[in-house]
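Raw input_17.cif, mmCIF, C-alpha atoms, pLDDT in the B column; chains and numbers go by the auth columns:
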data_final
loop_
_atom_site.group_PDB
_atom_site.id
_atom_site.type_symbol
_atom_site.label_atom_id
_atom_site.label_comp_id
_atom_site.label_asym_id
_atom_site.label_seq_id
_atom_site.Cartn_x
_atom_site.Cartn_y
_atom_site.Cartn_z
_atom_site.B_iso_or_equiv
_atom_site.auth_seq_id
_atom_site.auth_asym_id
ATOM 1 C CA MET A 1 83.005 103.112 90.637 44.00 1 V
ATOM 2 C CA ILE A 2 81.096 102.511 90.430 41.00 2 V
ATOM 3 C CA GLN A 3 79.643 99.973 90.711 41.00 3 V
ATOM 4 C CA ARG A 4 81.449 96.991 89.522 40.00 4 V
ATOM 5 C CA THR A 5 81.765 93.199 89.213 37.00 5 V
ATOM 6 C CA LEU A 6 84.586 90.713 88.804 37.00 6 V
ATOM 7 C CA LEU A 7 84.858 89.192 85.343 39.00 7 V
ATOM 8 C CA ALA A 8 86.697 86.229 83.919 34.00 8 V
ATOM 9 C CA GLY A 9 90.158 87.660 84.477 37.00 9 V
ATOM 10 C CA ALA A 10 89.511 88.075 88.173 40.00 10 V
ATOM 11 C CA THR A 11 87.281 85.131 89.027 37.00 11 V
ATOM 12 C CA ALA A 12 90.145 83.449 90.847 39.00 12 V
ATOM 13 C CA ALA A 13 89.846 86.149 93.479 41.00 13 V
ATOM 14 C CA LEU A 14 86.413 84.822 94.400 41.00 14 V
ATOM 15 C CA THR A 15 87.889 81.492 95.434 40.00 15 V
ATOM 16 C CA LEU A 16 90.335 82.924 97.964 41.00 16 V
ATOM 17 C CA LEU A 17 89.694 82.048 101.577 41.00 17 V
ATOM 18 C CA SER A 18 88.818 84.869 103.939 41.00 18 V
ATOM 19 C CA VAL A 19 91.777 84.945 106.321 51.00 19 V
ATOM 20 C CA GLY A 20 93.371 87.389 108.689 60.00 20 V
ATOM 21 C CA HIS A 21 90.373 89.673 109.046 79.00 21 V
ATOM 22 C CA ALA A 22 90.587 92.337 111.717 83.00 22 V
ATOM 23 C CA GLU A 23 87.503 92.948 113.825 91.00 23 V
ATOM 24 C CA LEU A 24 86.612 96.324 115.340 95.00 24 V
ATOM 25 C CA ALA A 25 88.656 95.722 118.503 94.00 25 V
ATOM 26 C CA ASP A 26 91.730 94.844 116.414 94.00 26 V
ATOM 27 C CA ILE A 27 91.363 98.011 114.356 96.00 27 V
ATOM 28 C CA LYS A 28 91.009 100.162 117.452 96.00 28 V
ATOM 29 C CA LYS A 29 94.092 98.525 118.982 96.00 29 V
ATOM 30 C CA ARG A 30 95.990 99.095 115.741 96.00 30 V
ATOM 31 C CA GLY A 31 94.702 102.673 115.632 97.00 31 V
ATOM 32 C CA GLU A 32 94.265 102.578 111.871 98.00 32 V
ATOM 33 C CA LEU A 33 91.493 101.680 109.423 98.00 33 V
ATOM 34 C CA ARG A 34 92.871 100.264 106.167 98.00 34 V
ATOM 35 C CA VAL A 35 90.683 101.345 103.254 98.00 35 V
ATOM 36 C CA VAL A 36 91.106 100.445 99.588 98.00 36 V
ATOM 37 C CA MET A 37 89.835 102.123 96.401 97.00 37 V
ATOM 38 C CA SER A 38 90.904 102.303 92.755 93.00 38 V
ATOM 39 C CA GLY A 39 92.106 105.907 92.648 93.00 39 V
ATOM 40 C CA GLU A 40 91.108 106.030 88.965 90.00 40 V
ATOM 41 C CA TYR A 41 87.476 107.023 89.249 92.00 41 V
ATOM 42 C CA PRO A 42 87.102 110.812 89.331 92.00 42 V
ATOM 43 C CA PRO A 43 85.426 112.539 91.111 94.00 43 V
ATOM 44 C CA PHE A 44 85.124 109.641 93.590 96.00 44 V
ATOM 45 C CA SER A 45 88.844 108.853 93.848 96.00 45 V
ATOM 46 C CA GLN A 46 91.763 110.261 91.921 95.00 46 V
ATOM 47 C CA PRO A 47 95.284 111.590 92.598 95.00 47 V
ATOM 48 C CA GLY A 48 95.372 115.127 93.978 94.00 48 V
ATOM 49 C CA PRO A 49 98.048 117.793 93.399 93.00 49 V
ATOM 50 C CA ASN A 50 100.392 116.308 96.020 92.00 50 V
ATOM 51 C CA GLY A 51 99.855 112.712 94.890 90.00 51 V
ATOM 52 C CA ASP A 52 97.444 111.729 97.676 94.00 52 V
ATOM 53 C CA LEU A 53 94.027 110.473 96.633 97.00 53 V
ATOM 54 C CA VAL A 54 91.124 112.917 96.756 97.00 54 V
ATOM 55 C CA GLY A 55 87.404 112.668 96.067 97.00 55 V
ATOM 56 C CA PHE A 56 84.037 111.659 97.443 98.00 56 V
ATOM 57 C CA ASP A 57 85.089 108.116 98.394 98.00 57 V
ATOM 58 C CA VAL A 58 88.256 109.421 100.047 98.00 58 V
ATOM 59 C CA ASP A 59 86.397 111.873 102.271 98.00 59 V
ATOM 60 C CA VAL A 60 83.762 109.264 103.165 98.00 60 V
ATOM 61 C CA ALA A 61 86.536 106.861 104.226 98.00 61 V
ATOM 62 C CA ARG A 62 88.283 109.534 106.283 98.00 62 V
ATOM 63 C CA GLU A 63 85.067 110.477 108.054 98.00 63 V
ATOM 64 C CA ILE A 64 84.196 106.854 108.870 98.00 64 V
ATOM 65 C CA ALA A 65 87.646 106.364 110.401 98.00 65 V
ATOM 66 C CA ARG A 66 87.309 109.569 112.409 98.00 66 V
ATOM 67 C CA ARG A 67 83.991 108.401 113.826 98.00 67 V
ATOM 68 C CA LEU A 68 85.524 105.046 114.726 98.00 68 V
ATOM 69 C CA GLY A 69 88.230 106.918 116.615 98.00 69 V
ATOM 70 C CA VAL A 70 91.163 105.798 114.453 98.00 70 V
ATOM 71 C CA LYS A 71 93.367 107.111 111.678 98.00 71 V
ATOM 72 C CA VAL A 72 92.841 106.035 108.087 98.00 72 V
ATOM 73 C CA ARG A 73 95.302 104.507 105.646 97.00 73 V
ATOM 74 C CA ILE A 74 94.011 104.663 102.080 98.00 74 V
ATOM 75 C CA THR A 75 95.503 102.336 99.487 97.00 75 V
ATOM 76 C CA LYS A 76 95.129 102.625 95.726 95.00 76 V
ATOM 77 C CA THR A 77 94.893 99.334 93.847 93.00 77 V
ATOM 78 C CA GLU A 78 93.534 98.121 90.518 90.00 78 V
ATOM 79 C CA PHE A 79 89.786 97.700 90.722 88.00 79 V
ATOM 80 C CA PRO A 80 89.662 93.937 89.944 87.00 80 V
ATOM 81 C CA SER A 81 92.099 93.303 92.848 92.00 81 V
ATOM 82 C CA ILE A 82 89.970 94.950 95.544 95.00 82 V
ATOM 83 C CA ILE A 83 87.831 91.897 96.335 94.00 83 V
ATOM 84 C CA ALA A 84 90.875 89.648 96.650 95.00 84 V
ATOM 85 C CA GLY A 85 92.524 92.139 99.005 95.00 85 V
ATOM 86 C CA LEU A 86 89.478 92.181 101.264 96.00 86 V
ATOM 87 C CA GLN A 87 89.303 88.396 101.278 94.00 87 V
ATOM 88 C CA ALA A 88 92.982 88.104 102.157 94.00 88 V
ATOM 89 C CA GLY A 89 92.645 90.560 105.037 94.00 89 V
ATOM 90 C CA GLN A 90 94.944 93.146 103.456 95.00 90 V
ATOM 91 C CA PHE A 91 92.238 95.804 103.829 97.00 91 V
ATOM 92 C CA ASP A 92 89.462 96.396 106.344 97.00 92 V
ATOM 93 C CA LEU A 93 87.038 98.209 104.043 97.00 93 V
ATOM 94 C CA ALA A 94 86.581 99.047 100.382 98.00 94 V
ATOM 95 C CA VAL A 95 85.059 102.464 99.804 98.00 95 V
ATOM 96 C CA ALA A 96 85.287 102.000 96.073 96.00 96 V
ATOM 97 C CA SER A 97 81.887 102.612 94.475 95.00 97 V
ATOM 98 C CA GLN A 98 81.154 98.892 94.170 95.00 98 V
ATOM 99 C CA SER A 99 77.832 97.635 92.878 92.00 99 V
ATOM 100 C CA LYS A 100 76.208 94.704 94.622 92.00 100 V
ATOM 101 C CA THR A 101 76.252 91.560 92.503 90.00 101 V
ATOM 102 C CA PRO A 102 75.659 87.874 93.351 92.00 102 V
ATOM 103 C CA GLU A 103 79.305 87.091 92.607 91.00 103 V
ATOM 104 C CA ARG A 104 80.569 89.712 95.001 93.00 104 V
ATOM 105 C CA ALA A 105 78.029 88.870 97.679 95.00 105 V
ATOM 106 C CA ARG A 106 79.487 85.352 97.808 95.00 106 V
ATOM 107 C CA ALA A 107 82.981 86.762 98.270 95.00 107 V
ATOM 108 C CA VAL A 108 82.572 89.748 100.617 96.00 108 V
ATOM 109 C CA ASP A 109 79.982 91.411 102.819 97.00 109 V
ATOM 110 C CA PHE A 110 78.034 94.509 101.834 97.00 110 V
ATOM 111 C CA LEU A 111 76.632 97.103 104.184 98.00 111 V
ATOM 112 C CA SER A 112 72.851 97.032 104.535 96.00 112 V
ATOM 113 C CA GLN A 113 72.224 99.909 102.133 96.00 113 V
ATOM 114 C CA PRO A 114 74.012 101.869 99.389 97.00 114 V
ATOM 115 C CA TYR A 115 75.946 104.973 100.335 98.00 115 V
ATOM 116 C CA TYR A 116 74.903 106.766 97.155 97.00 116 V
ATOM 117 C CA TYR A 117 72.554 106.302 94.196 96.00 117 V
ATOM 118 C CA ASP A 118 73.425 106.594 90.510 96.00 118 V
ATOM 119 C CA GLY A 119 72.894 104.992 87.093 95.00 119 V
ATOM 120 C CA PHE A 120 74.686 103.694 83.980 94.00 120 V
ATOM 121 C CA GLN A 121 74.936 106.152 81.126 97.00 121 V
ATOM 122 C CA LEU A 122 76.355 105.997 77.611 98.00 122 V
ATOM 123 C CA PHE A 123 78.546 108.986 76.783 98.00 123 V
ATOM 124 C CA VAL A 124 79.851 109.793 73.306 98.00 124 V
ATOM 125 C CA PRO A 125 82.129 112.484 71.895 97.00 125 V
ATOM 126 C CA ALA A 126 80.327 115.821 71.639 96.00 126 V
ATOM 127 C CA SER A 127 80.615 115.650 67.843 96.00 127 V
ATOM 128 C CA SER A 128 78.937 112.223 67.630 96.00 128 V
ATOM 129 C CA LYS A 129 75.369 111.952 66.362 96.00 129 V
ATOM 130 C CA ALA A 130 74.750 108.560 68.002 96.00 130 V
ATOM 131 C CA GLY A 131 71.614 108.613 70.112 96.00 131 V
ATOM 132 C CA SER A 132 71.870 105.137 71.610 96.00 132 V
ATOM 133 C CA LEU A 133 74.149 102.144 72.091 96.00 133 V
ATOM 134 C CA ALA A 134 72.540 100.432 69.100 95.00 134 V
ATOM 135 C CA ALA A 135 73.350 103.438 66.933 96.00 135 V
ATOM 136 C CA LEU A 136 77.054 102.806 67.466 97.00 136 V
ATOM 137 C CA GLY A 137 76.784 99.522 65.570 94.00 137 V
ATOM 138 C CA LYS A 138 80.021 97.610 66.113 94.00 138 V
ATOM 139 C CA ALA A 139 82.164 100.623 67.005 97.00 139 V
ATOM 140 C CA PRO A 140 84.311 100.195 70.142 98.00 140 V
ATOM 141 C CA VAL A 141 82.717 101.174 73.453 98.00 141 V
ATOM 142 C CA ALA A 142 85.141 101.809 76.303 98.00 142 V
ATOM 143 C CA VAL A 143 84.680 100.675 79.910 97.00 143 V
ATOM 144 C CA ALA A 144 86.882 100.240 82.958 94.00 144 V
ATOM 145 C CA GLN A 145 88.079 96.653 83.269 91.00 145 V
ATOM 146 C CA GLY A 146 86.336 94.439 85.816 89.00 146 V
ATOM 147 C CA THR A 147 83.338 96.712 86.202 91.00 147 V
ATOM 148 C CA VAL A 148 79.614 96.196 85.950 92.00 148 V
ATOM 149 C CA PHE A 149 79.818 98.426 82.876 95.00 149 V
ATOM 150 C CA GLU A 150 81.927 95.752 81.187 95.00 150 V
ATOM 151 C CA LYS A 151 79.522 93.038 82.360 93.00 151 V
ATOM 152 C CA PHE A 152 76.579 95.065 81.035 95.00 152 V
ATOM 153 C CA LEU A 153 78.090 95.047 77.534 97.00 153 V
ATOM 154 C CA ARG A 154 79.158 91.401 77.665 96.00 154 V
ATOM 155 C CA ASP A 155 75.736 90.266 78.838 95.00 155 V
ATOM 156 C CA ARG A 156 74.263 92.017 75.812 95.00 156 V
ATOM 157 C CA LYS A 157 76.949 90.527 73.551 96.00 157 V
ATOM 158 C CA TYR A 158 78.120 93.928 72.387 97.00 158 V
ATOM 159 C CA PRO A 159 80.661 93.107 69.651 96.00 159 V
ATOM 160 C CA THR A 160 83.538 95.477 70.399 97.00 160 V
ATOM 161 C CA ILE A 161 84.424 96.236 74.017 98.00 161 V
ATOM 162 C CA ALA A 162 87.553 98.260 74.775 97.00 162 V
ATOM 163 C CA THR A 163 88.719 97.880 78.391 97.00 163 V
ATOM 164 C CA TYR A 164 90.959 100.298 80.270 95.00 164 V
ATOM 165 C CA SER A 165 92.253 100.571 83.829 90.00 165 V
ATOM 166 C CA GLY A 166 89.966 103.472 84.665 90.00 166 V
ATOM 167 C CA GLU A 167 87.978 106.452 83.458 91.00 167 V
ATOM 168 C CA GLN A 168 90.997 108.693 83.067 90.00 168 V
ATOM 169 C CA GLU A 169 92.474 106.345 80.448 94.00 169 V
ATOM 170 C CA ILE A 170 89.075 106.107 78.769 96.00 170 V
ATOM 171 C CA PHE A 171 88.831 109.884 78.356 95.00 171 V
ATOM 172 C CA LEU A 172 92.198 109.807 76.563 95.00 172 V
ATOM 173 C CA ALA A 173 91.016 106.946 74.334 96.00 173 V
ATOM 174 C CA LEU A 174 87.870 108.846 73.355 96.00 174 V
ATOM 175 C CA ALA A 175 89.855 111.994 72.601 94.00 175 V
ATOM 176 C CA ALA A 176 92.207 109.967 70.393 95.00 176 V
ATOM 177 C CA GLY A 177 89.349 108.302 68.525 96.00 177 V
ATOM 178 C CA ARG A 178 90.106 104.782 69.808 96.00 178 V
ATOM 179 C CA ALA A 179 86.523 104.403 71.067 97.00 179 V
ATOM 180 C CA ALA A 180 83.170 105.694 69.847 97.00 180 V
ATOM 181 C CA GLY A 181 81.637 105.912 73.300 98.00 181 V
ATOM 182 C CA MET A 182 81.966 104.910 76.925 98.00 182 V
ATOM 183 C CA ILE A 183 79.712 103.609 79.660 98.00 183 V
ATOM 184 C CA THR A 184 80.155 104.953 83.159 96.00 184 V
ATOM 185 C CA THR A 185 77.807 106.490 85.698 95.00 185 V
ATOM 186 C CA ARG A 186 75.906 109.624 84.844 94.00 186 V
ATOM 187 C CA THR A 187 77.639 111.397 87.752 94.00 187 V
ATOM 188 C CA VAL A 188 81.140 110.576 86.530 94.00 188 V
ATOM 189 C CA GLY A 189 80.313 111.503 82.931 96.00 189 V
ATOM 190 C CA ASN A 190 78.520 114.712 83.814 95.00 190 V
ATOM 191 C CA MET A 191 81.359 115.843 86.074 93.00 191 V
ATOM 192 C CA ALA A 192 83.857 115.062 83.302 94.00 192 V
ATOM 193 C CA ILE A 193 81.864 117.285 80.931 96.00 193 V
ATOM 194 C CA LYS A 194 81.768 120.020 83.551 94.00 194 V
ATOM 195 C CA ASN A 195 85.547 119.739 83.857 92.00 195 V
ATOM 196 C CA GLY A 196 86.121 120.153 80.122 95.00 196 V
ATOM 197 C CA GLN A 197 85.794 116.705 78.539 95.00 197 V
ATOM 198 C CA LYS A 198 84.178 117.075 75.104 96.00 198 V
ATOM 199 C CA LEU A 199 81.429 114.514 75.690 97.00 199 V
ATOM 200 C CA ARG A 200 77.650 114.329 75.837 97.00 200 V
ATOM 201 C CA ALA A 201 75.157 111.883 77.298 97.00 201 V
ATOM 202 C CA SER A 202 73.562 109.655 74.670 97.00 202 V
ATOM 203 C CA GLY A 203 70.093 108.275 75.282 95.00 203 V
ATOM 204 C CA PRO A 204 68.415 107.537 78.630 94.00 204 V
ATOM 205 C CA VAL A 205 69.993 106.030 81.735 94.00 205 V
ATOM 206 C CA LEU A 206 70.700 102.395 80.876 95.00 206 V
ATOM 207 C CA GLN A 207 70.379 100.903 84.345 93.00 207 V
ATOM 208 C CA GLN A 208 70.126 102.024 87.965 92.00 208 V
ATOM 209 C CA ASP A 209 73.332 101.588 89.946 90.00 209 V
ATOM 210 C CA ASN A 210 73.602 101.996 93.724 94.00 210 V
ATOM 211 C CA PRO A 211 77.109 101.414 95.145 96.00 211 V
ATOM 212 C CA TYR A 212 77.968 99.946 98.540 97.00 212 V
ATOM 213 C CA ILE A 213 80.850 99.854 100.974 98.00 213 V
ATOM 214 C CA THR A 214 82.217 96.315 101.359 98.00 214 V
ATOM 215 C CA LEU A 215 84.291 94.369 103.888 97.00 215 V
ATOM 216 C CA GLY A 216 85.503 90.825 104.458 96.00 216 V
ATOM 217 C CA LYS A 217 83.119 88.087 105.498 95.00 217 V
ATOM 218 C CA ASN A 218 82.137 87.520 109.131 91.00 218 V
ATOM 219 C CA GLN A 219 83.083 90.864 110.700 94.00 219 V
ATOM 220 C CA PRO A 220 79.810 91.733 112.463 96.00 220 V
ATOM 221 C CA GLN A 221 81.251 94.247 114.929 97.00 221 V
ATOM 222 C CA LEU A 222 83.069 96.228 112.250 97.00 222 V
ATOM 223 C CA LYS A 223 80.060 96.088 109.926 97.00 223 V
ATOM 224 C CA LYS A 224 77.753 97.403 112.661 97.00 224 V
ATOM 225 C CA ALA A 225 80.166 100.194 113.614 98.00 225 V
ATOM 226 C CA VAL A 226 80.579 101.355 110.005 98.00 226 V
ATOM 227 C CA GLU A 227 76.823 101.284 109.429 98.00 227 V
ATOM 228 C CA GLN A 228 76.307 103.365 112.580 98.00 228 V
ATOM 229 C CA ALA A 229 78.944 105.862 111.408 98.00 229 V
ATOM 230 C CA LEU A 230 77.275 106.170 107.995 98.00 230 V
ATOM 231 C CA ALA A 231 73.844 106.564 109.575 97.00 231 V
ATOM 232 C CA ALA A 232 75.169 109.388 111.731 98.00 232 V
ATOM 233 C CA MET A 233 76.778 111.004 108.677 98.00 233 V
ATOM 234 C CA ARG A 234 73.405 110.950 106.935 97.00 234 V
ATOM 235 C CA ALA A 235 71.555 112.285 109.940 97.00 235 V
ATOM 236 C CA ASP A 236 73.853 115.255 110.583 98.00 236 V
ATOM 237 C CA GLY A 237 74.258 116.169 106.900 98.00 237 V
ATOM 238 C CA THR A 238 77.940 115.219 106.576 98.00 238 V
ATOM 239 C CA LEU A 239 77.376 112.725 103.765 98.00 239 V
ATOM 240 C CA LYS A 240 75.312 115.252 101.831 98.00 240 V
ATOM 241 C CA ARG A 241 77.988 117.927 102.255 98.00 241 V
ATOM 242 C CA ILE A 242 80.692 115.598 100.921 98.00 242 V
ATOM 243 C CA SER A 243 78.497 114.769 97.926 97.00 243 V
ATOM 244 C CA VAL A 244 77.793 118.412 97.126 97.00 244 V
ATOM 245 C CA ARG A 245 81.470 119.290 97.522 97.00 245 V
ATOM 246 C CA TYR A 246 82.700 116.783 94.947 96.00 246 V
ATOM 247 C CA LEU A 247 79.666 116.061 92.793 94.00 247 V
ATOM 248 C CA GLY A 248 77.794 119.345 92.802 92.00 248 V
ATOM 249 C CA ALA A 249 74.613 117.629 94.002 93.00 249 V
ATOM 250 C CA ASP A 250 73.315 115.319 96.719 96.00 250 V
ATOM 251 C CA ILE A 251 73.239 111.747 95.366 96.00 251 V
ATOM 252 C CA THR A 252 73.205 110.106 98.808 96.00 252 V
ATOM 253 C CA THR A 253 69.405 109.887 98.966 91.00 253 V
ATOM 254 C CA PRO A 254 67.242 107.667 96.714 87.00 254 V
ATOM 255 C CA GLY A 255 65.563 109.597 93.939 72.00 255 V
ATOM 256 C CA LYS A 256 68.008 112.522 94.043 52.00 256 V
#
Render the structure in this file as structure tokens.
Amino acid sequence: MIQRTLLAGATAALTLLSVGHAELADIKKRGELRVVMSGEYPPFSQPGPNGDLVGFDVDVAREIARRLGVKVRITKTEFPSIIAGLQAGQFDLAVASQSKTPERARAVDFLSQPYYYDGFQLFVPASSKAGSLAALGKAPVAVAQGTVFEKFLRDRKYPTIATYSGEQEIFLALAAGRAAGMITTRTVGNMAIKNGQKLRASGPVLQQDNPYITLGKNQPQLKKAVEQALAAMRADGTLKRISVRYLGADITTPGK
């Protein structure tokens, strides 16, 4: 999620003041790390059989909290609202597959390096003969609202952009013929195909995309602690195991 930027409908969020942020000591006293994600970005976050969120981002958040010595409370919210929630101090961290953009960097803090590595990919229905974005002409291309995928199309002045709340709605739109293609990450699209979606990748990877974990501004102790937890997860193989479990491959190392 992969990987996303605030657009016109959410620019007001960037003007919110950072207030009420909890530092590491506050979180430890509270005994709970509050983590936000969209919950509409399979296989990174999506509702499980009992209604709780499951996926790569969920397990990463749980493991970070465990290593900080606290419980985790995971909240599902619409993707464009995540930045505003961090700024307002409603959440301590976003483990939400967010791409680093200049707009976001002015609003929140990013960890020092991505926690996985991916890329933009155009996917089309399996029956489509389109071999590129240009081949779709003016046909609707679907993207999740407020994402860097939407920005990618708008920056290129693509004529017909269909926005949805998340990938699960997009899959339904493609199946119903309301869109001729979608842009998401290659991991999300490939896993959807593996799970039965009648899609195929069209053309080469459009752009590299390396998501980060984010937090509110000016929380140096929390930022350092989370970076140390992630570094330990890399070193002992935990991050790789979570990736393989949900994604079928290790995408936590550059070039994988």
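Interatomic distance, CA of Glu103 (chain V) to CA of Asn218 (chain V): 16.8 Å.
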Selection under test: the PyMOL selection byres ((chain V and resi 106-111) around 10); residues as a PyMOL selection string: chain V and resi 13-18+83-84+86-87+93-94+98-105+112-115+211-220+223-224+226-227+230
Residue subset to file, keeping C-alpha atoms, as a compact mmCIF listing (two decimals), in the coordinates of the input:
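Contents of again.txt, as written:
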# COMPACT_ATOMS: atom_id res chain seq x y z
CA ALA V 13 89.85 86.15 93.48
CA LEU V 14 86.41 84.82 94.40
CA THR V 15 87.89 81.49 95.43
CA LEU V 16 90.34 82.92 97.96
CA LEU V 17 89.69 82.05 101.58
CA SER V 18 88.82 84.87 103.94
CA ILE V 83 87.83 91.90 96.34
CA ALA V 84 90.88 89.65 96.65
CA LEU V 86 89.48 92.18 101.26
CA GLN V 87 89.30 88.40 101.28
CA LEU V 93 87.04 98.21 104.04
CA ALA V 94 86.58 99.05 100.38
CA GLN V 98 81.15 98.89 94.17
CA SER V 99 77.83 97.64 92.88
CA LYS V 100 76.21 94.70 94.62
CA THR V 101 76.25 91.56 92.50
CA PRO V 102 75.66 87.87 93.35
CA GLU V 103 79.31 87.09 92.61
CA ARG V 104 80.57 89.71 95.00
CA ALA V 105 78.03 88.87 97.68
CA SER V 112 72.85 97.03 104.54
CA GLN V 113 72.22 99.91 102.13
CA PRO V 114 74.01 101.87 99.39
CA TYR V 115 75.95 104.97 100.34
CA PRO V 211 77.11 101.41 95.14
CA TYR V 212 77.97 99.95 98.54
CA ILE V 213 80.85 99.85 100.97
CA THR V 214 82.22 96.32 101.36
CA LEU V 215 84.29 94.37 103.89
CA GLY V 216 85.50 90.82 104.46
CA LYS V 217 83.12 88.09 105.50
CA ASN V 218 82.14 87.52 109.13
CA GLN V 219 83.08 90.86 110.70
CA PRO V 220 79.81 91.73 112.46
CA LYS V 223 80.06 96.09 109.93
CA LYS V 224 77.75 97.40 112.66
CA VAL V 226 80.58 101.36 110.00
CA GLU V 227 76.82 101.28 109.43
CA LEU V 230 77.28 106.17 108.00
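In this structure, CA of Ala249 (chain V) sits 26.6 Å away from CA of Leu68 (chain V).
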Selection near region 28-39 of chain V, 8 Å with only C-alpha atoms, sequence-local residues under 5 positions removed, as a PDB file with C-alpha atoms, in the coordinates of the input:
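Dumped to result36.pdb:
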ATOM      1  CA  PHE V  44      85.124 109.641  93.590  1.00 96.00           C
ATOM      2  CA  SER V  45      88.844 108.853  93.848  1.00 96.00           C
ATOM      3  CA  GLN V  46      91.763 110.261  91.921  1.00 95.00           C
ATOM      4  CA  PRO V  47      95.284 111.590  92.598  1.00 95.00           C
ATOM      5  CA  LEU V  53      94.027 110.473  96.633  1.00 97.00           C
ATOM      6  CA  ASP V  57      85.089 108.116  98.394  1.00 98.00           C
ATOM      7  CA  ALA V  61      86.536 106.861 104.226  1.00 98.00           C
ATOM      8  CA  ALA V  65      87.646 106.364 110.401  1.00 98.00           C
ATOM      9  CA  LEU V  68      85.524 105.046 114.726  1.00 98.00           C
ATOM     10  CA  GLY V  69      88.230 106.918 116.615  1.00 98.00           C
ATOM     11  CA  VAL V  70      91.163 105.798 114.453  1.00 98.00           C
ATOM     12  CA  LYS V  71      93.367 107.111 111.678  1.00 98.00           C
ATOM     13  CA  VAL V  72      92.841 106.035 108.087  1.00 98.00           C
ATOM     14  CA  ARG V  73      95.302 104.507 105.646  1.00 97.00           C
ATOM     15  CA  ILE V  74      94.011 104.663 102.080  1.00 98.00           C
ATOM     16  CA  THR V  75      95.503 102.336  99.487  1.00 97.00           C
ATOM     17  CA  LYS V  76      95.129 102.625  95.726  1.00 95.00           C
ATOM     18  CA  THR V  77      94.893  99.334  93.847  1.00 93.00           C
ATOM     19  CA  GLU V  78      93.534  98.121  90.518  1.00 90.00           C
ATOM     20  CA  PHE V  79      89.786  97.700  90.722  1.00 88.00           C
ATOM     21  CA  ILE V  82      89.970  94.950  95.544  1.00 95.00           C
ATOM     22  CA  GLN V  90      94.944  93.146 103.456  1.00 95.00           C
ATOM     23  CA  PHE V  91      92.238  95.804 103.829  1.00 97.00           C
ATOM     24  CA  ASP V  92      89.462  96.396 106.344  1.00 97.00           C
ATOM     25  CA  LEU V  93      87.038  98.209 104.043  1.00 97.00           C
ATOM     26  CA  ALA V  94      86.581  99.047 100.382  1.00 98.00           C
ATOM     27  CA  VAL V  95      85.059 102.464  99.804  1.00 98.00           C
ATOM     28  CA  ALA V  96      85.287 102.000  96.073  1.00 96.00           C
TER      29      ALA V  96
END
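CA of Ala162 (chain V) lies 8.7 Å from CA of Gln145 (chain V).
Minimum distance to Leu153 (chain V) across V:Leu206, V:Ala130, V:Ala232, V:Ala22 (counting only C-alpha atoms) occurs at V:Leu206.
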Selection near Phe171 (chain V), 9 Å with only C-alpha atoms, sequence-local residues under 3 positions removed, as a ChimeraX atom specification: /V:167-168,174-176,182,192,197
Selection: 8 Å around Phe123 (chain V), all atoms listed in the file, excl. self and same-chain fewer than 3 positions, as JSON, numbers by chain: {"V": [181, 182, 183, 184, 189, 199, 200, 201, 202]}
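Around Lys138 (chain V), within 12 Å and counting only C-alpha atoms, the residues found are Leu133, Ala134, Ala135, Val141, Leu153, Lys157, Tyr158, Pro159, Thr160, Ile161, Ala162, Ala179, Ala180 and Gly181 of chain V, once anything fewer than 3 positions away on its own chain is removed.
Residue neighbourhood of Met191 (chain V), excluding near-sequence residues (fewer than 5 positions): Pro42, Pro43, Arg186, Gly196, Gln197, Leu247 and Gly248 of chain V, at 9 Å, using all atoms listed in the file.
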Export C-alpha atoms of the chosen residues as a compact mmCIF listing (two decimals), in the coordinates of the input?
# COMPACT_ATOMS: atom_id res chain seq x y z
CA PRO V 42 87.10 110.81 89.33
CA PRO V 43 85.43 112.54 91.11
CA ARG V 186 75.91 109.62 84.84
CA GLY V 196 86.12 120.15 80.12
CA GLN V 197 85.79 116.70 78.54
CA LEU V 247 79.67 116.06 92.79
CA GLY V 248 77.79 119.34 92.80
Report the centre and edge lengths, in Å to one decimal, of an axis-aligned box enclosing every atom of region 123-141 of chain V listed in the file, padded by 3 Å on each side, as lines of an AutoDock Vina configuration file.
center_x = 78.0
center_y = 106.7
center_z = 71.2
size_x = 18.7
size_y = 24.2
size_z = 17.2
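Nearest to Lys198 (chain V) of all the residues V:Gly85, V:Pro125, V:Gly166, V:Gly255 is V:Pro125, based on all atoms listed in the file.
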